[in-house]
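Peer 1: Here you go, start_23.pdb (PDB, C-alpha atoms):
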MODEL        1
ATOM      1  CA  MET A  50      42.155  -0.938   0.679  1.00  0.00           C
ATOM      2  CA  SER A  51      45.689  -0.503   2.044  1.00  0.00           C
ATOM      3  CA  ASP A  52      46.936  -3.272   4.336  1.00  0.00           C
ATOM      4  CA  ASN A  53      47.611  -0.629   6.982  1.00  0.00           C
ATOM      5  CA  LYS A  54      44.270   1.184   6.934  1.00  0.00           C
ATOM      6  CA  PHE A  55      42.768  -0.547   9.942  1.00  0.00           C
ATOM      7  CA  THR A  56      39.067   0.157  10.559  1.00  0.00           C
ATOM      8  CA  CYS A  57      37.867  -2.343  13.169  1.00  0.00           C
ATOM      9  CA  GLY A  58      35.234   0.166  14.274  1.00  0.00           C
ATOM     10  CA  LEU A  59      33.217  -0.786  11.193  1.00  0.00           C
ATOM     11  CA  CYS A  60      32.515  -4.141  12.817  1.00  0.00           C
ATOM     12  CA  SER A  61      30.090  -2.334  15.133  1.00  0.00           C
ATOM     13  CA  ALA A  62      27.520  -2.810  12.361  1.00  0.00           C
ATOM     14  CA  VAL A  63      28.294  -6.550  12.249  1.00  0.00           C
ATOM     15  CA  TRP A  64      27.896  -6.740  16.032  1.00  0.00           C
ATOM     16  CA  LYS A  65      24.561  -4.922  15.972  1.00  0.00           C
ATOM     17  CA  LYS A  66      23.290  -7.285  13.289  1.00  0.00           C
ATOM     18  CA  SER A  67      24.453 -10.651  14.643  1.00  0.00           C
ATOM     19  CA  GLY A  68      25.591 -10.048  18.222  1.00  0.00           C
ATOM     20  CA  SER A  69      29.096 -11.212  17.384  1.00  0.00           C
ATOM     21  CA  THR A  70      32.056 -10.526  15.119  1.00  0.00           C
ATOM     22  CA  ASN A  71      34.652 -12.742  13.497  1.00  0.00           C
ATOM     23  CA  CYS A  72      37.027 -12.200  16.431  1.00  0.00           C
ATOM     24  CA  TRP A  73      34.340 -12.694  19.105  1.00  0.00           C
ATOM     25  CA  SER A  74      31.861 -15.495  18.659  1.00  0.00           C
ATOM     26  CA  ALA A  75      30.593 -18.240  20.958  1.00  0.00           C
ATOM     27  CA  ASP A  76      31.506 -20.702  18.213  1.00  0.00           C
ATOM     28  CA  PRO A  77      34.382 -19.357  16.064  1.00  0.00           C
ATOM     29  CA  SER A  78      33.580 -21.863  13.310  1.00  0.00           C
ATOM     30  CA  LYS A  79      30.078 -20.392  12.953  1.00  0.00           C
ATOM     31  CA  GLY A  80      30.842 -16.720  13.485  1.00  0.00           C
ATOM     32  CA  PRO A  81      30.537 -13.950  10.892  1.00  0.00           C
ATOM     33  CA  ALA A  82      33.008 -13.998   8.031  1.00  0.00           C
ATOM     34  CA  ARG A  83      36.225 -12.055   8.394  1.00  0.00           C
ATOM     35  CA  PRO A  84      35.691  -8.684   6.635  1.00  0.00           C
ATOM     36  CA  ALA A  85      38.133  -7.386   4.045  1.00  0.00           C
ATOM     37  CA  TYR A  86      39.344  -4.665   6.432  1.00  0.00           C
ATOM     38  CA  CYS A  87      40.232  -7.103   9.232  1.00  0.00           C
ATOM     39  CA  PRO A  88      43.847  -6.602  10.439  1.00  0.00           C
ATOM     40  CA  THR A  89      44.293 -10.371  10.446  1.00  0.00           C
ATOM     41  CA  HIS A  90      44.457 -10.278   6.656  1.00  0.00           C
ATOM     42  CA  GLY A  91      48.144  -9.992   5.826  1.00  0.00           C
ATOM     43  CA  HIS A  92      49.185  -9.370   9.440  1.00  0.00           C
ATOM     44  CA  SER A  93      48.641 -12.712  11.174  1.00  0.00           C
ATOM     45  CA  GLU A  94      52.380 -13.199  11.628  1.00  0.00           C
ATOM     46  CA  LEU A  95      52.747  -9.889  13.462  1.00  0.00           C
ATOM     47  CA  ILE A  96      49.672 -10.621  15.604  1.00  0.00           C
ATOM     48  CA  ASN A  97      50.954 -14.062  16.590  1.00  0.00           C
ATOM     49  CA  GLU A  98      54.445 -12.747  17.336  1.00  0.00           C
ATOM     50  CA  ALA A  99      52.915 -10.139  19.635  1.00  0.00           C
ATOM     51  CA  PHE A 100      50.857 -12.791  21.417  1.00  0.00           C
ATOM     52  CA  ASP A 101      53.944 -14.941  21.900  1.00  0.00           C
ATOM     53  CA  LEU A 102      55.353 -12.144  24.084  1.00  0.00           C
ATOM     54  CA  TYR A 103      52.671 -12.917  26.661  1.00  0.00           C
ATOM     55  CA  LYS A 104      53.988 -16.475  26.966  1.00  0.00           C
ATOM     56  CA  GLU A 105      57.429 -15.335  28.077  1.00  0.00           C
ATOM     57  CA  ASP A 106      58.768 -14.711  31.567  1.00  0.00           C
ATOM     58  CA  SER A 107      58.648 -10.914  31.368  1.00  0.00           C
ATOM     59  CA  GLU A 108      56.821  -7.980  32.899  1.00  0.00           C
ATOM     60  CA  ASP A 109      54.770  -7.577  29.715  1.00  0.00           C
ATOM     61  CA  ALA A 110      53.678 -11.209  29.966  1.00  0.00           C
ATOM     62  CA  ARG A 111      52.804 -10.831  33.639  1.00  0.00           C
ATOM     63  CA  ILE A 112      50.806  -7.656  33.017  1.00  0.00           C
ATOM     64  CA  ALA A 113      48.891  -9.368  30.210  1.00  0.00           C
ATOM     65  CA  LYS A 114      48.041 -12.380  32.378  1.00  0.00           C
ATOM     66  CA  VAL A 115      47.006 -10.316  35.405  1.00  0.00           C
ATOM     67  CA  ALA A 116      44.939  -7.951  33.250  1.00  0.00           C
ATOM     68  CA  THR A 117      43.125 -10.976  31.838  1.00  0.00           C
ATOM     69  CA  ARG A 118      42.485 -12.313  35.325  1.00  0.00           C
ATOM     70  CA  VAL A 119      41.128  -8.955  36.482  1.00  0.00           C
ATOM     71  CA  GLU A 120      38.867  -8.785  33.428  1.00  0.00           C
ATOM     72  CA  GLY A 121      37.365 -12.133  34.411  1.00  0.00           C
ATOM     73  CA  MET A 122      36.988 -11.097  38.041  1.00  0.00           C
ATOM     74  CA  CYS A 123      35.109  -7.965  36.995  1.00  0.00           C
ATOM     75  CA  TYR A 124      32.065 -10.043  36.149  1.00  0.00           C
ATOM     76  CA  GLU A 125      29.873 -12.459  38.073  1.00  0.00           C
ATOM     77  CA  SER A 126      27.310 -14.983  36.947  1.00  0.00           C
ATOM     78  CA  GLU A 127      23.709 -14.734  38.063  1.00  0.00           C
ATOM     79  CA  PRO A 128      22.687 -18.028  39.718  1.00  0.00           C
ATOM     80  CA  GLY A 129      20.257 -20.018  37.586  1.00  0.00           C
ATOM     81  CA  SER A 130      20.800 -17.767  34.601  1.00  0.00           C
ATOM     82  CA  GLU A 131      23.220 -17.276  31.718  1.00  0.00           C
ATOM     83  CA  THR A 132      23.341 -13.571  32.586  1.00  0.00           C
ATOM     84  CA  ILE A 133      26.758 -12.086  33.357  1.00  0.00           C
ATOM     85  CA  ASN A 134      26.827  -8.869  35.376  1.00  0.00           C
ATOM     86  CA  ALA A 135      29.658  -6.375  35.775  1.00  0.00           C
ATOM     87  CA  ARG A 136      30.470  -5.897  39.457  1.00  0.00           C
ATOM     88  CA  TRP A 137      33.586  -3.711  39.675  1.00  0.00           C
ATOM     89  CA  THR A 138      34.225  -0.054  38.937  1.00  0.00           C
ATOM     90  CA  ARG A 139      37.423   1.187  37.304  1.00  0.00           C
ATOM     91  CA  VAL A 140      38.768   2.089  40.752  1.00  0.00           C
ATOM     92  CA  GLU A 141      38.215  -1.495  41.903  1.00  0.00           C
ATOM     93  CA  ASP A 142      39.793  -2.859  38.704  1.00  0.00           C
ATOM     94  CA  THR A 143      42.854  -0.722  39.375  1.00  0.00           C
ATOM     95  CA  ILE A 144      43.179  -1.869  42.982  1.00  0.00           C
ATOM     96  CA  ALA A 145      42.776  -5.526  42.030  1.00  0.00           C
ATOM     97  CA  PHE A 146      45.384  -5.201  39.285  1.00  0.00           C
ATOM     98  CA  ALA A 147      47.884  -3.527  41.617  1.00  0.00           C
ATOM     99  CA  LYS A 148      47.428  -6.185  44.306  1.00  0.00           C
ATOM    100  CA  LEU A 149      47.704  -9.115  41.899  1.00  0.00           C
ATOM    101  CA  MET A 150      50.875  -7.583  40.451  1.00  0.00           C
ATOM    102  CA  ASP A 151      52.252  -7.202  43.996  1.00  0.00           C
ATOM    103  CA  TYR A 152      52.634  -3.468  43.416  1.00  0.00           C
ATOM    104  CA  LYS A 153      52.925  -1.389  46.565  1.00  0.00           C
ATOM    105  CA  ILE A 154      53.921   2.216  45.777  1.00  0.00           C
ATOM    106  CA  ILE A 155      51.313   3.810  43.530  1.00  0.00           C
ATOM    107  CA  GLY A 156      52.014   7.186  41.930  1.00  0.00           C
ATOM    108  CA  ILE A 157      49.162   9.539  41.048  1.00  0.00           C
ATOM    109  CA  ALA A 158      49.940  12.104  38.331  1.00  0.00           C
ATOM    110  CA  THR A 159      47.206  14.621  39.009  1.00  0.00           C
ATOM    111  CA  CYS A 160      45.849  17.735  37.382  1.00  0.00           C
ATOM    112  CA  ILE A 161      45.678  20.679  39.775  1.00  0.00           C
ATOM    113  CA  GLY A 162      41.952  20.832  39.051  1.00  0.00           C
ATOM    114  CA  LEU A 163      41.414  17.355  40.493  1.00  0.00           C
ATOM    115  CA  LEU A 164      43.293  17.538  43.796  1.00  0.00           C
ATOM    116  CA  ASP A 165      40.165  16.665  45.764  1.00  0.00           C
ATOM    117  CA  GLU A 166      39.536  13.597  43.609  1.00  0.00           C
ATOM    118  CA  THR A 167      43.193  12.658  44.032  1.00  0.00           C
ATOM    119  CA  ASN A 168      42.948  12.834  47.822  1.00  0.00           C
ATOM    120  CA  ARG A 169      39.812  10.690  47.730  1.00  0.00           C
ATOM    121  CA  LEU A 170      41.622   8.152  45.584  1.00  0.00           C
ATOM    122  CA  ALA A 171      44.646   8.205  47.914  1.00  0.00           C
ATOM    123  CA  ASP A 172      42.376   7.519  50.892  1.00  0.00           C
ATOM    124  CA  ILE A 173      40.952   4.467  49.121  1.00  0.00           C
ATOM    125  CA  LEU A 174      44.386   3.178  48.117  1.00  0.00           C
ATOM    126  CA  ASN A 175      45.652   3.614  51.671  1.00  0.00           C
ATOM    127  CA  ALA A 176      42.650   1.730  53.020  1.00  0.00           C
ATOM    128  CA  GLN A 177      43.477  -1.093  50.617  1.00  0.00           C
ATOM    129  CA  GLY A 178      47.007  -1.427  51.965  1.00  0.00           C
ATOM    130  CA  LEU A 179      48.736   0.397  49.108  1.00  0.00           C
ATOM    131  CA  GLU A 180      51.115   3.370  49.393  1.00  0.00           C
ATOM    132  CA  PRO A 181      49.950   6.268  47.199  1.00  0.00           C
ATOM    133  CA  LEU A 182      51.945   9.376  46.407  1.00  0.00           C
ATOM    134  CA  SER A 183      50.683  12.235  44.261  1.00  0.00           C
ATOM    135  CA  ILE A 184      52.413  14.893  42.188  1.00  0.00           C
ATOM    136  CA  CYS A 185      50.602  17.907  40.748  1.00  0.00           C
ATOM    137  CA  CYS A 186      50.950  18.928  37.092  1.00  0.00           C
ATOM    138  CA  LYS A 187      51.999  22.475  38.080  1.00  0.00           C
ATOM    139  CA  THR A 188      54.885  21.341  40.273  1.00  0.00           C
ATOM    140  CA  GLY A 189      57.669  23.948  40.237  1.00  0.00           C
ATOM    141  CA  SER A 190      55.244  26.757  39.329  1.00  0.00           C
ATOM    142  CA  ILE A 191      57.214  27.809  36.230  1.00  0.00           C
ATOM    143  CA  ASP A 192      55.689  30.507  34.012  1.00  0.00           C
ATOM    144  CA  LYS A 193      54.057  29.278  30.788  1.00  0.00           C
ATOM    145  CA  LEU A 194      55.909  32.031  28.921  1.00  0.00           C
ATOM    146  CA  ASP A 195      59.128  30.118  29.579  1.00  0.00           C
ATOM    147  CA  LEU A 196      57.790  27.444  27.202  1.00  0.00           C
ATOM    148  CA  GLY A 197      58.070  29.945  24.378  1.00  0.00           C
ATOM    149  CA  VAL A 198      54.322  30.496  24.018  1.00  0.00           C
ATOM    150  CA  GLU A 199      52.777  33.949  23.819  1.00  0.00           C
ATOM    151  CA  GLU A 200      50.716  35.827  26.386  1.00  0.00           C
ATOM    152  CA  LYS A 201      47.589  35.285  24.283  1.00  0.00           C
ATOM    153  CA  ASP A 202      48.044  31.521  24.613  1.00  0.00           C
ATOM    154  CA  LYS A 203      47.258  31.616  28.336  1.00  0.00           C
ATOM    155  CA  VAL A 204      43.837  30.809  29.754  1.00  0.00           C
ATOM    156  CA  ARG A 205      43.819  34.275  31.344  1.00  0.00           C
ATOM    157  CA  PRO A 206      46.223  36.554  29.445  1.00  0.00           C
ATOM    158  CA  SER A 207      48.150  39.166  31.434  1.00  0.00           C
ATOM    159  CA  THR A 208      48.095  36.996  34.573  1.00  0.00           C
ATOM    160  CA  PHE A 209      50.676  34.577  35.937  1.00  0.00           C
ATOM    161  CA  GLU A 210      49.963  31.013  34.884  1.00  0.00           C
ATOM    162  CA  PRO A 211      52.273  28.107  35.710  1.00  0.00           C
ATOM    163  CA  ALA A 212      52.970  25.564  32.978  1.00  0.00           C
ATOM    164  CA  CYS A 213      52.190  21.874  33.341  1.00  0.00           C
ATOM    165  CA  ASN A 214      55.345  19.825  33.824  1.00  0.00           C
ATOM    166  CA  PRO A 215      54.489  16.166  33.083  1.00  0.00           C
ATOM    167  CA  VAL A 216      58.110  15.122  32.519  1.00  0.00           C
ATOM    168  CA  ALA A 217      58.942  16.355  36.023  1.00  0.00           C
ATOM    169  CA  GLN A 218      55.961  14.413  37.376  1.00  0.00           C
ATOM    170  CA  ALA A 219      57.281  11.256  35.722  1.00  0.00           C
ATOM    171  CA  ARG A 220      60.876  11.784  36.807  1.00  0.00           C
ATOM    172  CA  LEU A 221      59.893  12.461  40.407  1.00  0.00           C
ATOM    173  CA  MET A 222      57.924   9.217  40.400  1.00  0.00           C
ATOM    174  CA  ASN A 223      60.868   7.417  38.819  1.00  0.00           C
ATOM    175  CA  GLN A 224      63.015   8.761  41.651  1.00  0.00           C
ATOM    176  CA  ALA A 225      60.459   7.536  44.185  1.00  0.00           C
ATOM    177  CA  LYS A 226      60.532   4.130  42.454  1.00  0.00           C
ATOM    178  CA  THR A 227      56.781   3.818  42.101  1.00  0.00           C
ATOM    179  CA  ASP A 228      55.546   0.389  41.040  1.00  0.00           C
ATOM    180  CA  MET A 229      52.625   1.746  39.014  1.00  0.00           C
ATOM    181  CA  ASN A 230      51.404   5.216  38.066  1.00  0.00           C
ATOM    182  CA  ILE A 231      47.842   6.460  37.657  1.00  0.00           C
ATOM    183  CA  ILE A 232      46.884   9.460  35.530  1.00  0.00           C
ATOM    184  CA  VAL A 233      44.173  11.627  37.065  1.00  0.00           C
ATOM    185  CA  GLY A 234      43.010  14.296  34.638  1.00  0.00           C
ATOM    186  CA  LEU A 235      46.179  15.292  32.789  1.00  0.00           C
ATOM    187  CA  CYS A 236      45.645  17.337  29.628  1.00  0.00           C
ATOM    188  CA  VAL A 237      45.864  15.792  26.172  1.00  0.00           C
ATOM    189  CA  GLY A 238      49.554  15.836  25.286  1.00  0.00           C
ATOM    190  CA  HIS A 239      50.702  16.189  28.862  1.00  0.00           C
ATOM    191  CA  ASP A 240      49.427  12.662  29.468  1.00  0.00           C
ATOM    192  CA  MET A 241      51.512  11.500  26.496  1.00  0.00           C
ATOM    193  CA  LEU A 242      54.676  13.054  27.886  1.00  0.00           C
ATOM    194  CA  PHE A 243      54.028  11.604  31.325  1.00  0.00           C
ATOM    195  CA  SER A 244      53.494   8.109  29.928  1.00  0.00           C
ATOM    196  CA  LYS A 245      56.538   8.423  27.681  1.00  0.00           C
ATOM    197  CA  HIS A 246      58.875   9.347  30.542  1.00  0.00           C
ATOM    198  CA  SER A 247      57.429   7.139  33.282  1.00  0.00           C
ATOM    199  CA  GLU A 248      59.551   4.098  34.079  1.00  0.00           C
ATOM    200  CA  ALA A 249      56.646   2.394  35.852  1.00  0.00           C
ATOM    201  CA  PRO A 250      53.596   1.113  33.947  1.00  0.00           C
ATOM    202  CA  VAL A 251      50.900   3.776  33.540  1.00  0.00           C
ATOM    203  CA  THR A 252      47.119   3.470  33.628  1.00  0.00           C
ATOM    204  CA  THR A 253      44.504   6.215  33.320  1.00  0.00           C
ATOM    205  CA  LEU A 254      41.701   6.578  35.845  1.00  0.00           C
ATOM    206  CA  ILE A 255      40.341   9.996  34.833  1.00  0.00           C
ATOM    207  CA  VAL A 256      40.712  11.678  31.452  1.00  0.00           C
ATOM    208  CA  LYS A 257      40.444  15.456  31.206  1.00  0.00           C
ATOM    209  CA  ASP A 258      37.208  16.775  29.704  1.00  0.00           C
ATOM    210  CA  ARG A 259      36.340  20.193  31.041  1.00  0.00           C
ATOM    211  CA  VAL A 260      32.894  20.354  29.417  1.00  0.00           C
ATOM    212  CA  THR A 261      31.470  16.900  30.172  1.00  0.00           C
ATOM    213  CA  GLY A 262      32.673  16.505  33.751  1.00  0.00           C
ATOM    214  CA  HIS A 263      35.545  14.288  32.593  1.00  0.00           C
ATOM    215  CA  ASN A 264      33.231  11.930  30.718  1.00  0.00           C
ATOM    216  CA  PRO A 265      34.407  12.249  27.083  1.00  0.00           C
ATOM    217  CA  VAL A 266      32.439   9.247  25.862  1.00  0.00           C
ATOM    218  CA  SER A 267      29.281  11.340  26.267  1.00  0.00           C
ATOM    219  CA  VAL A 268      30.364  13.220  23.136  1.00  0.00           C
ATOM    220  CA  LEU A 269      30.271   9.959  21.175  1.00  0.00           C
ATOM    221  CA  TYR A 270      26.811   9.115  22.484  1.00  0.00           C
ATOM    222  CA  GLY A 271      25.540  12.585  21.607  1.00  0.00           C
ATOM    223  CA  GLN A 272      27.207  12.989  18.227  1.00  0.00           C
ATOM    224  CA  ASN A 273      23.964  12.639  16.295  1.00  0.00           C
ATOM    225  CA  PHE A 274      22.476  15.643  18.049  1.00  0.00           C
ATOM    226  CA  TYR A 275      24.377  17.830  20.514  1.00  0.00           C
ATOM    227  CA  TYR A 276      27.820  17.173  19.055  1.00  0.00           C
ATOM    228  CA  LYS A 277      26.847  16.636  15.427  1.00  0.00           C
ATOM    229  CA  ARG A 278      28.842  19.776  14.646  1.00  0.00           C
ATOM    230  CA  LEU A 279      31.992  17.681  14.963  1.00  0.00           C
ATOM    231  CA  GLN A 280      30.957  15.730  11.880  1.00  0.00           C
ATOM    232  CA  VAL A 281      29.776  18.611   9.703  1.00  0.00           C
ATOM    233  CA  LYS A 282      32.447  21.280  10.069  1.00  0.00           C
ATOM    234  CA  ALA A 283      36.058  21.681  11.057  1.00  0.00           C
ATOM    235  CA  MET A 284      36.792  22.871  14.586  1.00  0.00           C
ATOM    236  CA  ASN A 285      37.614  26.544  14.936  1.00  0.00           C
ATOM    237  CA  LEU A 286      41.046  26.712  16.574  1.00  0.00           C
ATOM    238  CA  LYS A 287      41.075  30.501  16.816  1.00  0.00           C
ATOM    239  CA  ARG A 288      40.265  32.283  20.067  1.00  0.00           C
TER
ENDMDL
END
For the structure just supplied, provide its representation as structure tokens.

Peer 2:
Amino acid sequence: MSDNKFTCGLCSAVWKKSGSTNCWSADPSKGPARPAYCPTHGHSELINEAFDLYKEDSEDARIAKVATRVEGMCYESEPGSETINARWTRVEDTIAFAKLMDYKIIGIATCIGLLDETNRLADILNAQGLEPLSICCKTGSIDKLDLGVEEKDKVRPSTFEPACNPVAQARLMNQAKTDMNIIVGLCVGHDMLFSKHSEAPVTTLIVKDRVTGHNPVSVLYGQNFYYKRLQVKAMNLKR
């Protein structure tokens, strides 16, 4: 197997069998053996160099430390039991992270289809003492045809449809000097461009999935039945 063909997902079988993996065990000395496909084989130097970055006095180091603190705060022990229960939603995780980072101005890069959700989020952020601002993906209302696509590529051909403009969303937030940006429902690809051009750190609260109510993991849970087609035949990209 190539040193660069990483397949950590295969350890799901190890986890199901023993309740632990080589990289997560209550007692590392007694955990499962490191499988042949483990990235640690041949890459320990790179892994350790990356971890050393978190020990520096940098924004990356601070983000890593605060993210770790928030992860711990997300759970609570049950008195008189070894049970650990999750207590925070993703919205609460995001608020806690922003506060611990001393972030104040929070940008929301929103899909036009989730403006109501964006306003609800803004209300919560305001109530928590943060300063949200939101910018819609269709800002500028520029025709999709100006991208160089054809009429047939529109959702509704022969009608006016504005193109998404994620770079503009990012640049407007850069201009506003946001401390942190949140993606709310941007399309695949548009989210990449937004993240690439954002000067502030970016996190995702809602990922676009028009069929599942923005819950794409449901496809993974249903792949042995409802979505098994994804494993047995190539997707048809023609309209």

Peer 1: Taking the file above as input, evaluate the PyMOL selection byres ((chain A and resi 114) around 12) and report the hits as an NGL selection string.

Peer 2: :A and (100 or 102-113 or 115-121 or 146 or 149-150)

Peer 1: Expanded to explicit residues, what is the PyMOL selection byres ((chain A and resi 87) around 10) for this file, as a list in words?

Peer 2: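 That expression, the PyMOL selection byres ((chain A and resi 87) around 10), corresponds here to Asp52, Lys54, Phe55, Thr56, Cys57, Leu59, Cys60, Asn71, Cys72, Arg83, Pro84, Ala85, Tyr86, Pro88, Thr89, His90, Gly91 and His92 of chain A.
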
Peer 1: Given the file shown, determine the residues that the PyMOL selection byres ((chain A and resi 215) around 8) selects; report them as number ranges by chain.

Peer 2: A: 186, 213-214, 216-219, 239-240, 242-243

Peer 1: What gap, in Å, lies between CA of Cys185 in chain A and CA of Asp228 in chain A?

Peer 2: 18.2 Å

Peer 1: Work out how far CA of Ser244 in chain A is from CA of Lys193 in chain A, in Å to one decimal.

Peer 2: 21.2 Å

Peer 1: Please identify every residue of range 127-191 of chain A that has at least one atom no farther than 10 Å from an atom of range 257-269 of chain A, counting only C-alpha atoms, and for each give the shortest atom pair and the distance in Å to one decimal, arranged by chain then increasing number, as a tab-separated table.

Peer 2:
residue	atom	partner	partner_atom	distance
A:Cys160	CA	A:Lys257	CA	8.5
A:Gly162	CA	A:Lys257	CA	9.6
A:Leu163	CA	A:Lys257	CA	9.5

Peer 1: Go ahead and save the picked residues with C-alpha atoms, as an mmCIF file, keeping the file's coordinate frame.

Peer 2:
data_model
loop_
_atom_site.group_PDB
_atom_site.id
_atom_site.type_symbol
_atom_site.label_atom_id
_atom_site.label_comp_id
_atom_site.auth_asym_id
_atom_site.auth_seq_id
_atom_site.Cartn_x
_atom_site.Cartn_y
_atom_site.Cartn_z
ATOM 1 C CA CYS A 160 45.849 17.735 37.382
ATOM 2 C CA GLY A 162 41.952 20.832 39.051
ATOM 3 C CA LEU A 163 41.414 17.355 40.493
#

Peer 1: If you measure from CA of Pro250 in chain A to CA of Thr227 in chain A, what distance in Å do you get, rounded to one decimal?

Peer 2: 9.2 Å

Peer 1: When you count only C-alpha atoms, which of these residues is closest to Ala176 in chain A: A:Ile157, A:Val198, A:Ile144, A:Ile191?

Peer 2: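 Ranking A:Ile157, A:Val198, A:Ile144, A:Ile191 by distance to Ala176 in chain A, first place goes to A:Ile144.
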
Peer 1: Find the spatial neighbours of Gly80 in chain A, counting all atoms listed in the file, within a cut-off of 12 Å - ignore same-chain residues fewer than 2 positions away - and output them as JSON, numbers by chain.

Peer 2: {"A": [63, 64, 67, 68, 69, 70, 71, 72, 73, 74, 75, 76, 77, 78, 82, 83, 84]}

Peer 1: Got a minute to add N, CA and C atoms to range 83-98 of chain A and dump it as an mmCIF file, in the coordinates of the input?

Peer 2:
data_model
loop_
_atom_site.group_PDB
_atom_site.id
_atom_site.type_symbol
_atom_site.label_atom_id
_atom_site.label_comp_id
_atom_site.auth_asym_id
_atom_site.auth_seq_id
_atom_site.Cartn_x
_atom_site.Cartn_y
_atom_site.Cartn_z
ATOM 1 N N ARG A 83 35.230 -13.082 8.150
ATOM 2 C CA ARG A 83 36.225 -12.055 8.394
ATOM 3 C C ARG A 83 36.112 -10.987 7.296
ATOM 4 N N PRO A 84 35.844 -9.728 7.658
ATOM 5 C CA PRO A 84 35.691 -8.684 6.635
ATOM 6 C C PRO A 84 37.017 -8.343 5.967
ATOM 7 N N ALA A 85 36.928 -7.712 4.815
ATOM 8 C CA ALA A 85 38.133 -7.386 4.045
ATOM 9 C C ALA A 85 39.075 -6.462 4.806
ATOM 10 N N TYR A 86 38.514 -5.630 5.707
ATOM 11 C CA TYR A 86 39.344 -4.665 6.432
ATOM 12 C C TYR A 86 39.949 -5.235 7.711
ATOM 13 N N CYS A 87 39.728 -6.496 8.000
ATOM 14 C CA CYS A 87 40.232 -7.103 9.232
ATOM 15 C C CYS A 87 41.759 -7.098 9.252
ATOM 16 N N PRO A 88 42.383 -6.639 10.342
ATOM 17 C CA PRO A 88 43.847 -6.602 10.439
ATOM 18 C C PRO A 88 44.499 -7.972 10.288
ATOM 19 N N THR A 89 43.724 -9.037 10.551
ATOM 20 C CA THR A 89 44.293 -10.371 10.446
ATOM 21 C C THR A 89 44.741 -10.684 9.025
ATOM 22 N N HIS A 90 44.052 -10.091 8.042
ATOM 23 C CA HIS A 90 44.457 -10.278 6.656
ATOM 24 C C HIS A 90 45.845 -9.677 6.443
ATOM 25 N N GLY A 91 46.806 -10.493 6.139
ATOM 26 C CA GLY A 91 48.144 -9.992 5.826
ATOM 27 C C GLY A 91 48.991 -9.637 7.032
ATOM 28 N N HIS A 92 48.424 -9.759 8.246
ATOM 29 C CA HIS A 92 49.185 -9.370 9.440
ATOM 30 C C HIS A 92 49.154 -10.448 10.515
ATOM 31 N N SER A 93 48.759 -11.654 10.170
ATOM 32 C CA SER A 93 48.641 -12.712 11.174
ATOM 33 C C SER A 93 49.985 -13.031 11.828
ATOM 34 N N GLU A 94 51.060 -12.919 11.065
ATOM 35 C CA GLU A 94 52.380 -13.199 11.628
ATOM 36 C C GLU A 94 52.725 -12.205 12.728
ATOM 37 N N LEU A 95 52.484 -10.928 12.464
ATOM 38 C CA LEU A 95 52.747 -9.889 13.462
ATOM 39 C C LEU A 95 51.875 -10.114 14.696
ATOM 40 N N ILE A 96 50.599 -10.420 14.491
ATOM 41 C CA ILE A 96 49.672 -10.621 15.604
ATOM 42 C C ILE A 96 50.111 -11.791 16.476
ATOM 43 N N ASN A 97 50.518 -12.884 15.831
ATOM 44 C CA ASN A 97 50.954 -14.062 16.590
ATOM 45 C C ASN A 97 52.273 -13.823 17.307
ATOM 46 N N GLU A 98 53.171 -13.075 16.683
ATOM 47 C CA GLU A 98 54.445 -12.747 17.336
ATOM 48 C C GLU A 98 54.198 -11.901 18.582
#
